[in-house]
Each structure stands twice: as structure tokens, then as C-alpha cells.
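> Below is work22.cif; it holds mmCIF, C-alpha atoms.
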data_final
#
loop_
_atom_site.label_atom_id
_atom_site.label_comp_id
_atom_site.auth_asym_id
_atom_site.auth_seq_id
_atom_site.Cartn_x
_atom_site.Cartn_y
_atom_site.Cartn_z
CA MET I 1 58.76 9.51 28.28
CA PRO I 2 57.33 8.83 24.80
CA ALA I 3 54.05 6.91 24.52
CA MET I 4 54.57 3.14 24.57
CA ASN I 5 53.66 1.20 21.44
CA LEU I 6 50.92 -1.40 21.65
CA ASP I 7 52.13 -4.79 20.49
CA LEU I 8 50.41 -8.15 21.01
CA THR I 9 52.07 -8.73 24.41
CA THR I 10 50.96 -5.33 25.72
CA VAL I 11 47.42 -5.85 24.45
CA SER I 12 47.36 -9.32 26.03
CA ILE I 13 48.43 -7.90 29.41
CA ILE I 14 45.76 -5.19 29.20
CA TYR I 15 42.95 -7.60 28.23
CA ALA I 16 44.00 -10.17 30.86
CA THR I 17 43.90 -7.48 33.56
CA ALA I 18 40.55 -6.19 32.26
CA LEU I 19 39.15 -9.73 32.39
CA ALA I 20 40.51 -10.24 35.93
CA ILE I 21 38.88 -7.00 37.13
CA LEU I 22 35.60 -7.87 35.39
CA LEU I 23 35.52 -11.40 36.84
CA ALA I 24 36.32 -10.12 40.34
CA GLY I 25 33.43 -7.67 39.88
CA TYR I 26 31.09 -10.51 38.87
CA PHE I 27 32.17 -12.66 41.83
CA THR I 28 31.75 -9.74 44.22
CA ALA I 29 28.26 -9.05 42.80
CA ILE I 30 27.05 -12.63 43.14
CA SER I 31 28.52 -13.07 46.61
CA CYS I 32 27.37 -9.75 48.08
CA LYS I 33 25.06 -9.63 51.07
CA ASP I 34 24.30 -5.91 51.07
CA LEU I 35 23.63 -3.14 48.56
CA ILE I 36 26.88 -1.27 49.26
CA ARG I 37 28.96 -4.23 48.12
CA LEU I 38 26.73 -4.51 45.05
CA LEU I 39 27.51 -0.86 44.26
CA ILE I 40 31.23 -1.53 44.70
CA ALA I 41 30.99 -4.60 42.42
CA LEU I 42 29.27 -2.61 39.65
CA GLU I 43 31.89 0.13 39.78
CA LEU I 44 34.61 -2.50 39.63
CA MET I 45 33.02 -3.86 36.45
CA PHE I 46 33.10 -0.36 34.97
CA GLY I 47 36.83 -0.31 35.84
CA GLY I 48 37.23 -3.47 33.74
CA VAL I 49 35.40 -1.79 30.86
CA PHE I 50 37.75 1.23 31.09
CA MET I 51 40.74 -1.08 30.97
CA ALA I 52 39.41 -2.90 27.89
CA LEU I 53 39.04 0.42 26.02
CA ILE I 54 42.80 1.19 25.99
CA PRO I 55 43.73 -0.82 22.84
CA LEU I 56 40.99 0.95 20.86
CA PHE I 57 42.91 4.23 21.21
CA SER I 58 45.78 2.76 19.16
CA VAL I 59 43.60 2.59 16.03
CA ALA I 60 43.29 6.12 14.64
CA ALA I 61 39.75 5.61 13.33
CA LEU I 62 38.56 4.24 16.69
CA ALA I 63 40.20 6.76 19.04
CA SER I 64 37.27 9.20 19.12
CA PRO I 65 34.61 6.46 19.48
CA ALA I 66 36.72 4.96 22.31
CA PHE I 67 36.77 8.33 24.10
CA ALA I 68 33.00 8.58 23.56
CA ALA I 69 32.63 5.09 25.05
CA ALA I 70 34.68 6.21 28.08
CA ILE I 71 32.38 9.22 28.56
CA ILE I 72 29.25 7.03 28.17
CA THR I 73 30.72 4.64 30.77
CA ILE I 74 31.19 7.49 33.24
CA PHE I 75 27.62 8.75 32.66
CA THR I 76 26.24 5.21 33.04
CA SER I 77 28.17 4.76 36.26
CA GLY I 78 26.82 8.08 37.55
CA GLY I 79 23.26 6.94 36.75
CA GLU I 80 23.87 3.59 38.45
CA LEU I 81 25.15 5.41 41.54
CA LEU I 82 21.99 7.57 41.63
CA ILE I 83 19.70 4.54 41.37
CA LEU I 84 21.58 2.53 43.97
CA ILE I 85 21.74 5.41 46.45
CA ALA I 86 17.95 5.76 46.11
CA ALA I 87 17.60 1.98 46.53
CA ILE I 88 19.82 2.00 49.64
CA VAL I 89 17.89 4.87 51.24
CA ILE I 90 14.48 3.31 50.47
CA GLN I 91 15.59 -0.15 51.64
CA ASP I 92 16.99 1.36 54.85
CA ARG I 93 13.71 3.21 55.48
CA ARG I 94 11.49 0.18 54.86
CA LYS I 95 13.53 -2.68 56.34
CA LYS I 96 15.93 -0.84 58.68
CA ASN I 97 18.82 -2.66 56.96
CA ILE I 98 20.50 -2.80 53.54
CA PHE I 99 20.81 -6.57 53.10
CA VAL I 100 19.87 -8.00 49.70
CA SER I 101 18.14 -10.92 51.47
CA GLY I 102 15.37 -8.45 52.32
CA ILE I 103 14.53 -8.05 48.62
CA LYS I 104 11.80 -10.56 47.87
CA ALA I 105 10.75 -9.61 44.31
CA GLY I 106 12.68 -11.15 41.42
CA GLY I 107 16.00 -12.95 41.52
CA GLU I 108 16.99 -16.53 40.94
CA ARG I 109 19.10 -18.92 42.96
CA LEU I 110 21.43 -21.24 41.05
CA MET M 1 62.29 -6.92 29.03
CA SER M 2 62.09 -3.13 28.70
CA VAL M 3 61.49 -0.72 31.57
CA GLU M 4 58.13 0.29 30.04
CA MET M 5 56.96 -3.32 29.98
CA LEU M 6 58.03 -3.84 33.61
CA LEU M 7 56.18 -0.68 34.62
CA LEU M 8 53.05 -1.81 32.77
CA LEU M 9 53.25 -5.24 34.43
CA ALA M 10 53.64 -3.57 37.85
CA LEU M 11 50.59 -1.34 37.25
CA ALA M 12 48.50 -4.23 35.92
CA GLY M 13 49.58 -6.34 38.89
CA ALA M 14 48.64 -3.56 41.32
CA ALA M 15 45.20 -3.30 39.67
CA ALA M 16 44.65 -7.08 39.83
CA LEU M 17 45.82 -7.34 43.46
CA SER M 18 43.63 -4.47 44.66
CA THR M 19 40.72 -6.14 42.80
CA LEU M 20 41.36 -9.28 44.83
CA GLY M 21 41.31 -7.06 47.92
CA VAL M 22 37.76 -5.97 47.01
CA LEU M 23 36.68 -9.58 46.60
CA LEU M 24 38.29 -10.94 49.76
CA SER M 25 37.78 -8.07 52.20
CA ARG M 26 34.92 -8.54 54.68
CA ASP M 27 34.59 -4.86 55.54
CA ASN M 28 32.67 -2.71 53.03
CA PHE M 29 34.84 0.31 53.81
CA TYR M 30 38.07 -1.47 52.90
CA SER M 31 36.40 -2.96 49.81
CA ALA M 32 35.49 0.57 48.66
CA VAL M 33 39.04 1.79 49.32
CA PHE M 34 40.47 -1.15 47.33
CA MET M 35 37.99 -0.38 44.54
CA SER M 36 39.23 3.23 44.38
CA LEU M 37 42.81 1.93 44.30
CA THR M 38 41.92 -0.35 41.35
CA LEU M 39 40.38 2.53 39.44
CA VAL M 40 43.37 4.79 40.12
CA SER M 41 45.65 1.99 38.84
CA VAL M 42 43.55 1.73 35.66
CA ALA M 43 43.74 5.53 35.24
CA THR M 44 47.52 5.41 35.73
CA ILE M 45 47.76 2.87 32.89
CA TYR M 46 45.94 5.44 30.71
CA ALA M 47 48.51 8.07 31.76
CA PHE M 48 51.25 5.54 30.97
CA PHE M 49 50.02 5.51 27.35
CA SER M 50 49.85 9.36 27.31
CA LEU M 51 46.03 9.34 27.27
CA LEU M 52 45.82 12.21 29.74
CA PRO M 53 42.20 13.33 29.00
CA VAL M 54 40.90 9.88 30.00
CA PHE M 55 43.22 9.85 33.03
CA VAL M 56 41.73 13.16 34.20
CA LEU M 57 38.17 11.90 33.59
CA ILE M 58 38.72 8.70 35.56
CA VAL M 59 40.66 10.20 38.47
CA PHE M 60 38.67 13.41 38.96
CA VAL M 61 35.16 12.35 37.91
CA PHE M 62 35.01 8.58 38.33
CA VAL M 63 37.18 8.16 41.43
CA GLY M 64 37.00 11.75 42.70
CA ALA M 65 33.20 11.93 42.72
CA ILE M 66 31.59 8.51 42.29
CA GLY M 67 34.32 6.56 44.11
CA ILE M 68 34.42 8.92 47.07
CA VAL M 69 30.61 8.83 47.43
CA THR M 70 30.86 5.02 47.49
CA VAL M 71 33.62 5.15 50.13
CA ALA M 72 31.48 7.54 52.22
CA LEU M 73 28.43 5.25 51.89
CA ALA M 74 30.54 2.21 52.79
CA ALA M 75 31.90 4.02 55.84
CA THR M 76 28.33 4.89 56.90
CA TYR M 77 26.85 1.40 56.35
CA ARG M 78 29.86 -0.54 57.56
CA THR M 79 29.13 -4.27 57.69
CA THR M 80 31.64 -7.04 58.24
CA ALA M 81 29.58 -10.03 57.06
CA ALA M 82 31.56 -12.61 55.12
CA PRO M 83 30.65 -12.78 51.39
CA GLU M 84 28.47 -15.76 50.50
CA PHE M 85 28.82 -17.47 47.11
CA GLN M 86 25.39 -18.12 45.63
CA PHE M 87 26.42 -20.59 42.95
CA SER M 88 27.78 -24.11 42.73
CA LEU M 89 31.52 -24.56 42.12
CA LEU M 90 30.56 -27.02 39.34
CA TRP M 91 29.96 -23.96 37.15
CA ALA M 92 33.76 -23.57 37.08
CA VAL M 93 33.99 -26.59 34.72
CA PRO M 94 32.17 -25.06 31.68
CA VAL M 95 33.81 -21.68 32.39
CA VAL M 96 37.33 -23.16 32.33
CA ALA M 97 36.48 -25.25 29.24
CA THR M 98 35.21 -22.17 27.36
CA ALA M 99 38.26 -20.13 28.39
CA ALA M 100 40.58 -22.93 27.22
CA ILE M 101 38.84 -23.21 23.83
CA LEU M 102 38.93 -19.42 23.34
CA GLY M 103 42.59 -19.19 24.39
CA TYR M 104 43.59 -22.04 22.08
CA SER M 105 41.71 -20.58 19.10
CA ILE M 106 43.31 -17.13 19.58
CA TYR M 107 46.77 -18.70 20.04
CA SER M 108 46.41 -20.91 16.94
CA TYR M 109 45.14 -17.94 14.89
CA ALA M 110 48.12 -15.79 15.95
CA THR M 111 50.62 -18.54 15.13
CA ALA M 112 48.93 -19.56 11.85
CA VAL M 113 48.74 -15.97 10.57
CA PRO M 114 52.15 -14.37 11.32
CA ALA M 115 51.03 -11.15 9.61
CA VAL M 116 48.81 -10.45 12.62
CA THR M 117 51.82 -10.03 14.90
CA ALA M 118 53.77 -8.13 12.23
CA VAL M 119 51.24 -5.38 11.55
CA SER M 120 49.64 -5.02 14.97
CA ILE M 121 52.18 -2.65 16.57
CA HIS M 122 50.58 0.77 16.90
CA SER M 123 51.40 3.96 18.71
CA ILE M 124 48.68 5.91 20.50
CA SER M 125 48.10 9.45 19.27
CA PHE M 126 44.77 10.77 20.56
CA SER M 127 43.86 14.44 20.91
CA VAL M 128 40.65 15.93 22.27
CA GLU M 129 40.54 18.44 19.39
CA ASN M 130 39.52 15.64 17.00
CA PHE M 131 36.79 14.58 19.42
CA VAL M 132 34.99 17.93 19.63
CA THR M 133 32.67 17.49 16.65
CA SER M 134 28.95 18.20 16.37
CA GLU M 135 27.91 14.54 16.68
CA TYR M 136 29.89 13.99 19.88
CA THR M 137 28.67 17.29 21.33
CA LEU M 138 25.12 16.08 20.63
CA LEU M 139 25.92 12.78 22.37
CA PHE M 140 27.27 14.67 25.40
CA LEU M 141 24.14 16.88 25.58
CA PHE M 142 21.90 13.82 25.19
CA LEU M 143 23.68 11.99 28.03
CA THR M 144 23.56 15.07 30.27
CA SER M 145 19.79 15.43 29.75
CA LEU M 146 19.33 11.70 30.41
CA VAL M 147 21.18 11.95 33.72
CA VAL M 148 19.16 15.04 34.73
CA LEU M 149 15.96 13.13 33.87
CA LEU M 150 17.19 10.19 35.94
CA LEU M 151 17.99 12.49 38.85
CA LEU M 152 14.47 13.99 38.71
CA SER M 153 12.93 10.50 38.58
CA VAL M 154 14.98 9.38 41.59
CA LEU M 155 13.96 12.51 43.52
CA ASN M 156 10.32 11.81 42.63
CA ILE M 157 10.59 8.19 43.88
CA TYR M 158 12.29 9.43 47.05
CA LYS M 159 9.52 11.99 47.66
CA GLU M 160 6.79 9.38 47.11
CA GLU M 161 8.50 7.03 49.57
CA GLY M 162 8.77 9.81 52.16
#
Please express the file's structure as C-alpha cells.


Amino acid sequence: MPAMNLDLTTVSIIYATALAILLAGYFTAISCKDLIRLLIALELMFGGVFMALIPLFSVAALASPAFAAAIITIFTSGGELLILIAAIVIQDRRKKNIFVSGIKAGGERL
Amino acid sequence: MSVEMLLLLALAGAAALSTLGVLLSRDNFYSAVFMSLTLVSVATIYAFFSLLPVFVLIVFVFVGAIGIVTVALAATYRTTAAPEFQFSLLWAVPVVATAAILGYSIYSYATAVPAVTAVSIHSISFSVENFVTSEYTLLFLFLTSLVVLLLLSVLNIYKEEG
């Protein structure tokens, strides 16, 4: 099947889906009770970023930067996974649970 | 409506529905599985546009490594506590107002400038050969060294905690 052309309708569908994924990620992050769900929420947000990159590939001058952005996103997600795994292990050792309510430093309640 | 458009709508719908599954599921394990499903749907949309290098990156690196580690962690620390919203629903009012203003301005711009719709149809033609240049190779090396540095720092923190 030949590659589909990107018209305004297609781009709108892609951006609407990207926004939906990103918003669901935000909602999951602010409603999470444990660090695992926070990790899931962050990865979901990266999924939204991936989705939003698709239209950039249709502009010839932006195709390579878009691929570079996709690679940077994957590296960033890998780094985030490393940090959160360390945080989960340390939190589990100290508090014997992984609930975010156990984290006392920082944070703000709206 | 063409078959391609229907297929795109089906894939986008699958991604959005599995995203809702992440948000509404109480079990971390099922949330992680729904998250992997969302990412595979996003990768399939890339394949739909013949962007196979990105499809391979997302499916084999992002979902295949990072996603599976998350699923394994979620299966280990399996909690079924209901999500708790930490904000007032009144925040929905400015959010909806901003979205309405943005949507109206984009719609009025597209209708006022018909040339936008006329010239904005593009086909995607990306090849990895154009990407392999010295500056992007440098970027890749830089990112790899950053991740190695991060890994060493995490190991150091872990050792100090132990």
C-alpha cells in the first residue's frame, strides 16, 4: 500500500489523538498513588510526544530533525526509567512501600 | 471516506481507548499492559505512513525493552488502590475555555486563509540514509554517553543507600 498523504483532516486526527494520550498521561500522573503508576503515566506522555511527531515527517526539511527528536525521546524515556527504578527500590527499602504519600519533601496540593 | 482514512481512525481510536484503559484501570499490571497497547498502536500508525525505522524503534526499543520492564515492575508491585484526583474540578473551566479559544482561532485561520488547506497536502518520504550525518552521529554518541553517566550515577546512589 502506498504511503498515505497528510492533509488537514489526517493531521487533525493525529494531533487530537496525541492530545488525548498526553492528557490521559497528565491525569494518570496527578491521580497516581504509587510510583509504578507514575512511571506508566510518564511513558504514556512520551507516547503522546511520539504521536505528535508524525506530521513533521511530511516536511522534507524536518524529517531528519523529527527522527532525531524520536531518538532523543527514547533516550529520555530510558533515563526516566532508570531514575524511577532507583526511586522505587530506594522507597521500598526505606518505607517498605511504594506509595507517593510517603514522599514528604517537595510537592504542592491544589 | 477512503479505506486509509477508516484504518487511521480505527488505529487512533484504539490508541485513545487503550489510553482510557490506563487511566481507569485500578490494577497497575493492567494499566501497564494498556500502556504497551497504546504505544504499539502509535507505532502502527507510524508503519501506516511507511515510517518503518521509527516503527522498529518504538516497538523493539520503547515497548520491547522499556515497556516490558514497566509491565514486569507493575506485576511485581501489584496494587489495586483506586486513583485519587488531587485537583479541584473547577480547573476544568479555564481548561475548556482555553481549548475553545484555541480551536476557534485555528478554525477561523483555516477558513480565512484557504491557501492553507490547498498547499498542506504532503506525502511522507523519509529514509535513514539522509539521517546518518556527522552531526546526528555526534548527537547519538552524546546521548549514549549521557545515559551511561546516568546509569553510573544511579548505581552510585543505589550503593550508597545499601

> One decimal, Å: what's the distance from CA of Ala20 (chain I) over to CA of Val49 (chain I), could you say?

11.1 Å

> Pull out every residue that the PyMOL selection byres ((chain I) within 7 of (chain M)) matches in the shown coordinates and put them as a PyMOL selection string.

chain I and resi 3-8+17+20-21+24+28+30-33+36-37+40+44+47+51+57-58+63-64+74-75+78-79+82-83+86+109-110

> Determine the axis-aligned bounding box of all atoms of region 56-72 of chain M present in the file, pad each side by 5 Å, and express its centre and edge lengths in Å to one decimal place as lines of an AutoDock Vina configuration file.


center_x = 36.2
center_y = 9.2
center_z = 42.9
size_x = 21.1
size_y = 18.4
size_z = 28.6

> Between CA of Ala112 (chain M) and CA of Thr9 (chain I), what is the distance, to one decimal in Å?

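It comes out at 16.9 Å.
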
> Which of these, I:Ile90, I:Ser12, I:Phe46, I:Ala52, has the shortest distance to Ile72 (chain I) once you count only C-alpha atoms?

I:Phe46

> Rounded to one decimal in Å, what is the spacing between CA of Met1 (chain M) and CA of Val11 (chain I)?

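Taking CA of Met1 (chain M) and CA of Val11 (chain I), their separation equals 15.6 Å.
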
> Here is a test: counting only C-alpha atoms, which residue of I:Gly102, I:Leu19, I:Leu62, I:Leu38 is nearest to Glu80 (chain I)?

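With only C-alpha atoms as the atom set, the closest residue is I:Leu38.
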